[in-house]
Every structure is written in structure tokens, then in C-alpha cells.
>>> print(open('final_34.txt').read())   # compact mmCIF, C-alpha atoms
# COMPACT_ATOMS: atom_id res chain seq x y z
CA MET A 184 63.77 40.66 -40.35
CA ASP A 185 64.50 38.76 -37.20
CA GLN A 186 63.87 35.03 -37.60
CA TRP A 187 63.09 32.82 -34.61
CA ALA A 188 63.60 29.08 -34.52
CA ASP A 189 59.94 28.47 -33.70
CA ASN A 190 58.48 31.50 -35.45
CA ALA A 191 55.20 30.85 -37.23
CA ALA A 192 56.18 32.52 -40.50
CA VAL A 193 58.18 35.28 -42.11
CA PHE A 194 56.78 37.65 -44.76
CA LEU A 195 58.93 37.96 -47.85
CA VAL A 196 57.90 40.36 -50.62
CA ASN A 197 58.44 38.98 -54.11
CA GLU A 198 58.97 41.00 -57.29
CA SER A 199 55.25 41.46 -57.89
CA GLY A 200 54.68 42.89 -54.42
CA ALA A 201 52.83 39.82 -53.22
CA LEU A 202 53.76 38.07 -50.00
CA ASP A 203 55.60 34.79 -50.04
CA ARG A 204 55.31 32.81 -46.82
CA ARG A 205 57.74 30.46 -45.15
CA SER A 206 55.91 28.61 -42.43
CA ALA A 207 56.89 26.51 -39.46
CA PRO A 208 54.72 25.73 -36.43
CA HIS A 209 55.41 27.33 -33.07
CA GLY A 210 57.24 25.05 -30.66
CA PRO A 211 55.76 24.10 -27.27
CA PHE A 212 57.96 26.57 -25.37
CA ARG A 213 56.81 29.45 -27.57
CA ARG A 214 53.15 28.51 -27.18
CA LEU A 215 53.56 28.25 -23.40
CA LEU A 216 55.29 31.63 -23.24
CA ARG A 217 52.51 33.26 -25.26
CA ALA A 218 49.85 31.72 -22.97
CA ILE A 219 51.63 33.01 -19.85
CA ILE A 220 51.97 36.51 -21.30
CA HIS A 221 48.30 36.61 -22.21
CA PHE A 222 47.24 35.31 -18.79
CA LEU A 223 49.18 38.05 -17.02
CA SER A 224 48.15 40.75 -19.50
CA TYR A 225 44.48 39.84 -19.27
CA HIS A 226 44.25 39.69 -15.48
CA LEU A 227 46.53 42.64 -14.74
CA ILE A 228 45.70 45.02 -17.61
CA LEU A 229 42.97 44.04 -20.06
CA SER A 230 40.25 43.16 -17.54
CA ARG A 231 40.81 46.15 -15.25
CA GLN A 232 37.61 47.85 -14.03
CA SER A 233 38.93 51.38 -13.56
CA THR A 234 39.45 54.28 -15.95
CA GLN A 235 43.10 55.28 -16.07
CA VAL A 236 44.97 58.37 -17.20
CA THR A 237 48.35 57.91 -18.80
CA ARG A 238 50.85 59.49 -21.18
CA ALA A 239 51.93 57.77 -24.39
CA ALA A 240 53.57 59.03 -27.59
CA GLY A 241 53.37 62.59 -26.26
CA PHE A 242 49.62 62.50 -25.59
CA ARG A 243 47.70 62.62 -22.31
CA LEU A 244 45.20 59.78 -22.64
CA THR A 245 42.21 58.64 -20.66
CA VAL A 246 41.67 54.88 -21.04
CA ARG A 247 38.31 53.39 -20.09
CA PRO A 248 37.85 49.77 -18.97
CA THR A 249 37.85 47.22 -21.86
CA VAL A 250 39.98 49.61 -23.99
CA PHE A 251 43.45 48.47 -25.10
CA HIS A 252 46.01 50.31 -22.97
CA PRO A 253 48.70 52.08 -25.07
CA ARG A 254 51.14 52.51 -22.22
CA TYR A 255 51.52 48.88 -21.24
CA PHE A 256 51.54 47.49 -24.79
CA ILE A 257 54.36 49.23 -26.65
CA SER A 258 53.07 48.38 -30.11
CA SER A 259 50.81 51.46 -29.92
CA GLU A 260 53.64 53.89 -29.23
CA CYS A 261 55.83 52.22 -31.86
CA PHE A 262 53.13 52.71 -34.50
CA ALA A 263 52.47 56.30 -33.37
CA GLU A 264 56.17 57.13 -33.73
CA PHE A 265 56.09 55.69 -37.25
CA ILE A 266 53.10 57.88 -38.13
CA ASP A 267 55.00 60.93 -36.87
CA GLY A 268 57.40 60.36 -39.78
CA LEU A 269 54.65 60.45 -42.44
CA ASP A 270 53.56 63.58 -44.29
CA LEU A 271 49.79 63.47 -43.96
CA ARG A 272 49.09 67.10 -44.82
CA GLY A 273 45.78 67.39 -46.63
CA LYS A 274 45.00 63.67 -46.22
CA ARG A 275 41.82 61.91 -45.10
CA VAL A 276 42.75 59.15 -42.65
CA ILE A 277 40.95 56.40 -40.76
CA ASP A 278 42.32 54.38 -37.85
CA VAL A 279 40.54 51.00 -37.75
CA GLY A 280 40.43 49.46 -34.27
CA THR A 281 41.47 52.74 -32.68
CA GLY A 282 41.36 51.74 -28.99
CA SER A 283 42.43 54.84 -27.06
CA GLY A 284 42.69 56.82 -30.31
CA ILE A 285 46.47 57.12 -30.12
CA LEU A 286 47.08 56.41 -33.83
CA ALA A 287 44.30 58.75 -34.92
CA LEU A 288 45.83 61.51 -32.78
CA ALA A 289 49.24 60.81 -34.28
CA ALA A 290 47.73 61.14 -37.77
CA ALA A 291 46.22 64.51 -36.87
CA ARG A 292 49.58 65.60 -35.44
CA ALA A 293 51.21 64.57 -38.74
CA GLY A 294 48.97 67.04 -40.57
CA ALA A 295 45.90 65.08 -41.67
CA ASP A 296 42.91 67.29 -42.50
CA PHE A 297 40.30 64.78 -41.40
CA VAL A 298 40.70 61.67 -39.23
CA VAL A 299 38.21 58.98 -38.23
CA ALA A 300 38.88 56.88 -35.14
CA ALA A 301 36.80 53.70 -35.59
CA ASP A 302 36.32 50.79 -33.20
CA ILE A 303 33.74 48.06 -32.65
CA ASN A 304 34.03 48.65 -28.89
CA PRO A 305 31.75 51.58 -27.93
CA ASN A 306 33.98 52.29 -24.92
CA ALA A 307 36.91 52.76 -27.30
CA ALA A 308 34.94 55.15 -29.53
CA LEU A 309 34.00 57.24 -26.48
CA THR A 310 37.60 57.13 -25.24
CA ALA A 311 39.01 58.24 -28.60
CA ALA A 312 36.53 61.13 -28.76
CA ASP A 313 37.48 62.26 -25.25
CA ASN A 314 41.18 62.07 -26.05
CA ALA A 315 40.79 64.01 -29.30
CA ARG A 316 39.10 66.87 -27.41
CA ALA A 317 41.54 66.76 -24.50
CA ASN A 318 44.58 66.90 -26.78
CA GLY A 319 43.20 69.64 -29.02
CA PHE A 320 42.58 67.72 -32.26
CA PRO A 321 39.09 68.64 -33.52
CA ALA A 322 39.88 66.98 -36.88
CA VAL A 323 39.52 63.56 -35.18
CA LYS A 324 35.99 62.15 -35.20
CA ALA A 325 35.22 58.89 -33.37
CA VAL A 326 32.81 56.28 -34.76
CA CYS A 327 31.63 52.92 -33.46
CA SER A 328 32.05 50.56 -36.42
CA ASN A 329 32.81 46.91 -37.13
CA LEU A 330 36.01 47.42 -39.14
CA LEU A 331 34.96 49.70 -42.05
CA ALA A 332 31.39 48.40 -42.38
CA ALA A 333 29.89 51.74 -41.28
CA PHE A 334 31.35 53.45 -44.36
CA ALA A 335 30.18 53.18 -47.96
CA ALA A 336 32.28 50.91 -50.18
CA ARG A 337 33.75 53.74 -52.25
CA PRO A 338 37.01 55.72 -52.22
CA LEU A 339 36.94 57.74 -49.03
CA PHE A 340 40.40 57.70 -47.42
CA ASP A 341 43.94 58.49 -48.49
CA VAL A 342 45.49 56.55 -45.62
CA ILE A 343 44.08 53.63 -43.64
CA LEU A 344 45.79 52.64 -40.39
CA SER A 345 45.22 49.49 -38.36
CA SER A 346 46.92 47.64 -35.55
CA PRO A 347 44.46 44.73 -35.30
CA PRO A 348 44.46 41.98 -32.65
CA LYS A 349 47.61 39.97 -33.15
CA HIS A 350 46.34 36.52 -32.14
CA ALA A 351 43.65 34.06 -33.18
CA GLY A 352 41.37 32.44 -30.61
CA GLU A 353 37.99 33.17 -29.08
CA PRO A 354 38.13 36.34 -26.94
CA ARG A 355 36.91 35.95 -23.36
CA ASP A 356 35.04 39.22 -23.38
CA LEU A 357 35.02 42.71 -24.87
CA ALA A 358 38.35 43.60 -23.26
CA ASP A 359 40.03 40.54 -24.76
CA ARG A 360 39.03 41.55 -28.29
CA GLY A 361 42.09 43.78 -28.36
CA TRP A 362 44.22 40.62 -28.09
CA HIS A 363 42.23 37.81 -29.75
CA ALA A 364 40.51 38.17 -33.13
CA GLY A 365 38.47 34.96 -33.01
CA PRO A 366 39.25 31.56 -34.52
CA ALA A 367 41.10 31.96 -37.84
CA TYR A 368 41.08 35.74 -37.23
CA ARG A 369 37.33 35.78 -37.84
CA ASP A 370 36.77 39.32 -36.52
CA ILE A 371 39.28 40.98 -38.84
CA ALA A 372 39.21 38.66 -41.89
CA ALA A 373 37.35 41.29 -43.95
CA LEU A 374 39.73 44.14 -43.06
CA PHE A 375 41.91 44.11 -46.16
CA GLU A 376 39.13 43.80 -48.75
CA GLN A 377 37.12 46.52 -46.99
CA ALA A 378 40.17 48.77 -46.85
CA GLN A 379 40.98 48.26 -50.53
CA GLU A 380 37.41 49.23 -51.49
CA ARG A 381 37.54 52.48 -49.49
CA LEU A 382 41.01 53.62 -50.54
CA ARG A 383 41.37 56.68 -52.74
CA PRO A 384 43.60 56.52 -55.86
CA GLY A 385 47.20 56.72 -54.76
CA GLY A 386 46.21 55.79 -51.20
CA ARG A 387 48.07 53.59 -48.73
CA ILE A 388 47.23 51.15 -45.97
CA TYR A 389 49.53 50.70 -42.99
CA VAL A 390 48.97 47.59 -40.88
CA MET A 391 50.97 46.30 -37.92
CA VAL A 392 51.40 42.57 -37.32
CA SER A 393 53.47 40.58 -34.85
CA SER A 394 55.98 37.80 -35.35
CA ASP A 395 53.59 35.81 -33.14
CA SER A 396 50.65 36.38 -35.50
CA ASP A 397 49.54 33.81 -38.06
CA LEU A 398 51.50 35.56 -40.78
CA ASP A 399 50.68 32.86 -43.30
CA LEU A 400 46.97 33.66 -42.98
CA PHE A 401 47.55 37.42 -42.99
CA GLY A 402 49.56 37.02 -46.18
CA ARG A 403 46.73 35.14 -47.90
CA LEU A 404 44.16 37.77 -46.87
CA ILE A 405 46.35 40.56 -48.20
CA ASP A 406 46.93 38.72 -51.47
CA GLN A 407 43.22 37.97 -51.90
CA ALA A 408 42.40 41.66 -51.47
CA GLY A 409 44.66 42.47 -54.42
CA LEU A 410 47.15 44.47 -52.40
CA ARG A 411 50.87 44.94 -52.93
CA ALA A 412 53.02 44.85 -49.76
CA ARG A 413 56.19 46.66 -48.75
CA PRO A 414 57.81 46.30 -45.31
CA ALA A 415 57.97 49.79 -43.79
CA LEU A 416 59.27 49.15 -40.25
CA GLU A 417 60.28 46.35 -37.93
CA ARG A 418 60.75 46.84 -34.20
CA SER A 419 62.10 43.91 -32.21
CA ILE A 420 61.73 43.43 -28.47
CA LEU A 421 62.77 40.55 -26.26
CA ILE A 422 59.78 38.32 -26.94
CA GLU A 423 58.61 39.28 -30.45
CA SER A 424 58.91 41.62 -33.41
CA PHE A 425 56.34 44.19 -34.57
CA ILE A 426 56.20 44.71 -38.32
CA ILE A 427 54.44 47.53 -40.16
CA TYR A 428 53.57 46.90 -43.78
CA GLU A 429 52.60 49.50 -46.38
CA LEU A 430 49.89 48.07 -48.63
CA THR A 431 48.83 49.53 -51.97
CA PRO A 432 46.48 48.24 -54.69
CA ARG A 433 48.13 46.29 -57.47
>>> encode(input="final_34.txt", output="C-alpha cells")
Amino acid sequence: MDQWADNAAVFLVNESGALDRRSAPHGPFRRLLRAIIHFLSYHLILSRQSTQVTRAAGFRLTVRPTVFHPRYFISSECFAEFIDGLDLRGKRVIDVGTGSGILALAAARAGADFVVAADINPNAALTAADNARANGFPAVKAVCSNLLAAFAARPLFDVILSSPPKHAGEPRDLADRGWHAGPAYRDIAALFEQAQERLRPGGRIYVMVSSDSDLDLFGRLIDQAGLRARPALERSILIESFIIYELTPR
């Protein structure tokens, strides 16, 4: 993986499939750059008041206000392209924090029999439902849910997908919840334990993190949930790297 001089941490997978962490604090330049990027993203994209229509990952998508925009933030298309390479025929899949529904649609395109697009933002659930109908994927059902809390804690899904907010910090509003997950990642801290409880035997979890995330904390949460990690993809851009991990129960 790419290593940056002021990167917060790097995930290394040891022989047992747990995550070792090497940590170093972000330098002042890196923190300033992140703050500038968020300021521009929030005021120009996240807080927009209009519904937009766009194309991303081969889908025509309607994106309501407060919903994470898959065209401007390339992590969504990167993850969708990764899903295109999976064989999901006959699988039951859930996309946690679906936003526009782009990952759920990609799962249906990859052959999944049944797909749930879940998001705590009701505007995102409505958006995902609209986009499933518009793109001809009746297998995708949208649900408003706080992570996986709306689903019984029993094996339900073969594949769980999530591209959660990449940064800690109190979100300004509903729109900012796609960027900030609360202090110490409060809003997504239960994700990995909930996912492990709802995973079918032989199932897999795919989660995307950023080199700007608190990878040390993510690693602890994954370890505490009893999950084994394998790096599946890294995509580097000018300012950060996006990393997809495959997680399986130990």
C-alpha cells in the first residue's frame, strides 16, 4: 500500500488474519488540507438544495439533497467497479449506508438474487428505491435503517457491503453524515459486530476505508468483532488512497 509521511496508520494483516496497526499522527499540513477539502465539498456538493441527475458506474442516478453524490466522490464508482468483478449469483446482499444506491445496483448487476439498500437517511432510502426502479433492478429493496439495526441478529446475508463515512467529527447536519461519523466514529462503531451477527456461513463483508480515516480505530473495531481481514483492492488518487477489505469470521 501507499505510505504517506503523515498518514494516520497503515493496515497490515498478520498470519492470523487480524490487523496490525502502525500509527503516526497526521501533520499540520495534512490536517489543513483535509479541512479545506471538506469545506469546499460541503458548501459546493453536500449541502446542495436541488435534486440532480447524473451518470456513475454505468447507471443513471437521481440524487436528492442530503444524499452523498456518487459522481463527485469517486470512492463510490471505485467500489462499484470492484463489485462488478464479484460473482454474486444466487447471493443475498445488503449495502449499509447506501446513499444513492449505487453499490446495491452494482450488486444486482453482478447477479445477486436479493439486495437491500439500507441507509439512516430517509432521503437516501427514497433515492435508492427510485434508482432501482429507474435502472430496472426489482431485486433491490430500499430500507431506512440505522446500520443493520432494522434486521434481526441472525444469519441473513451472504455479502455485506459498506462504504461508511471516512472521517470522525460531529456532522453539521444530515448531509454531512456522509462525510463525518461522529466523534470516535460513534455513528458506525457498531457496524462490524452487527455485520458479523447477520452474516451467513461462508459469507463475506466488504468495507471501504480511506488512508485519511482513523485506521487504528477501524482495526480495533474489526478485531473486536472477531473478523479476519484481507486487503482486496487499493486505489490511490492524488490526495488519498481508498482501500477495500474483505472481512470474514475467524
>>> residues_around(input="final_34.txt", residues="segment 389-399 of chain A", least_positions_apart="6", cutoff="6 Å", atoms="only C-alpha atoms", output="MDAnalysis selection string")
chainID A and resid 192 204 344:346 349:350 423:429
>>> closest_residue(input="final_34.txt", among="A:Val299, A:Leu288, A:Ala311, A:Ala336", to="Gly241 of chain A", atoms="only C-alpha atoms")
A:Leu288
>>> closest_residue(input="final_34.txt", among="A:Ala291, A:Val276, A:Leu421, A:Leu400", to="Leu382 of chain A", atoms="only C-alpha atoms")
A:Val276
>>> closest_residue(input="final_34.txt", among="A:Glu380, A:Ala358, A:Ala351, A:Asn318", to="Ala335 of chain A", atoms="only C-alpha atoms")
A:Glu380
>>> residues_around(input="final_34.txt", residues="Asp270 of chain A", least_positions_apart="4", cutoff="12 Å", atoms="all atoms listed in the file", output="number ranges by chain")
A: 265-266, 274-276, 289-296, 341-342
>>> write_last_selection(input="final_34.txt", atoms="C-alpha atoms", output="short mmCIF file (atom, residue, chain, number, x, y, z; two decimals), keeping the file's coordinate frame")
data_model
loop_
_atom_site.label_atom_id
_atom_site.label_comp_id
_atom_site.auth_asym_id
_atom_site.auth_seq_id
_atom_site.Cartn_x
_atom_site.Cartn_y
_atom_site.Cartn_z
CA PHE A 265 56.09 55.69 -37.25
CA ILE A 266 53.10 57.88 -38.13
CA LYS A 274 45.00 63.67 -46.22
CA ARG A 275 41.82 61.91 -45.10
CA VAL A 276 42.75 59.15 -42.65
CA ALA A 289 49.24 60.81 -34.28
CA ALA A 290 47.73 61.14 -37.77
CA ALA A 291 46.22 64.51 -36.87
CA ARG A 292 49.58 65.60 -35.44
CA ALA A 293 51.21 64.57 -38.74
CA GLY A 294 48.97 67.04 -40.57
CA ALA A 295 45.90 65.08 -41.67
CA ASP A 296 42.91 67.29 -42.50
CA ASP A 341 43.94 58.49 -48.49
CA VAL A 342 45.49 56.55 -45.62
#
>>> atom_distance(input="final_34.txt", atom1="atom CA of Cys261 of chain A", atom2="atom CA of Gly282 of chain A")
14.8 Å
>>> atom_distance(input="final_34.txt", atom1="atom CA of Lys324 of chain A", atom2="atom CA of Val236 of chain A")
20.5 Å
>>> atom_distance(input="final_34.txt", atom1="atom CA of Ala239 of chain A", atom2="atom CA of Ile220 of chain A")
21.5 Å
>>> closest_residue(input="final_34.txt", among="A:Leu244, A:Ala408, A:Leu330, A:Ile343", to="Ala364 of chain A", atoms="all atoms listed in the file")
A:Leu330
>>> closest_residue(input="final_34.txt", among="A:Asn314, A:Ile228, A:Leu339, A:Glu264", to="Ala240 of chain A", atoms="only C-alpha atoms")
A:Glu264
>>> residues_around(input="final_34.txt", residues="Cys327 of chain A", least_positions_apart="5", cutoff="8 Å", atoms="all atoms listed in the file", output="ChimeraX atom specification")
/A:301-305,308
>>> closest_residue(input="final_34.txt", among="A:Ala372, A:Leu271, A:Leu430, A:Ile422", to="Phe212 of chain A", atoms="only C-alpha atoms")
A:Ile422
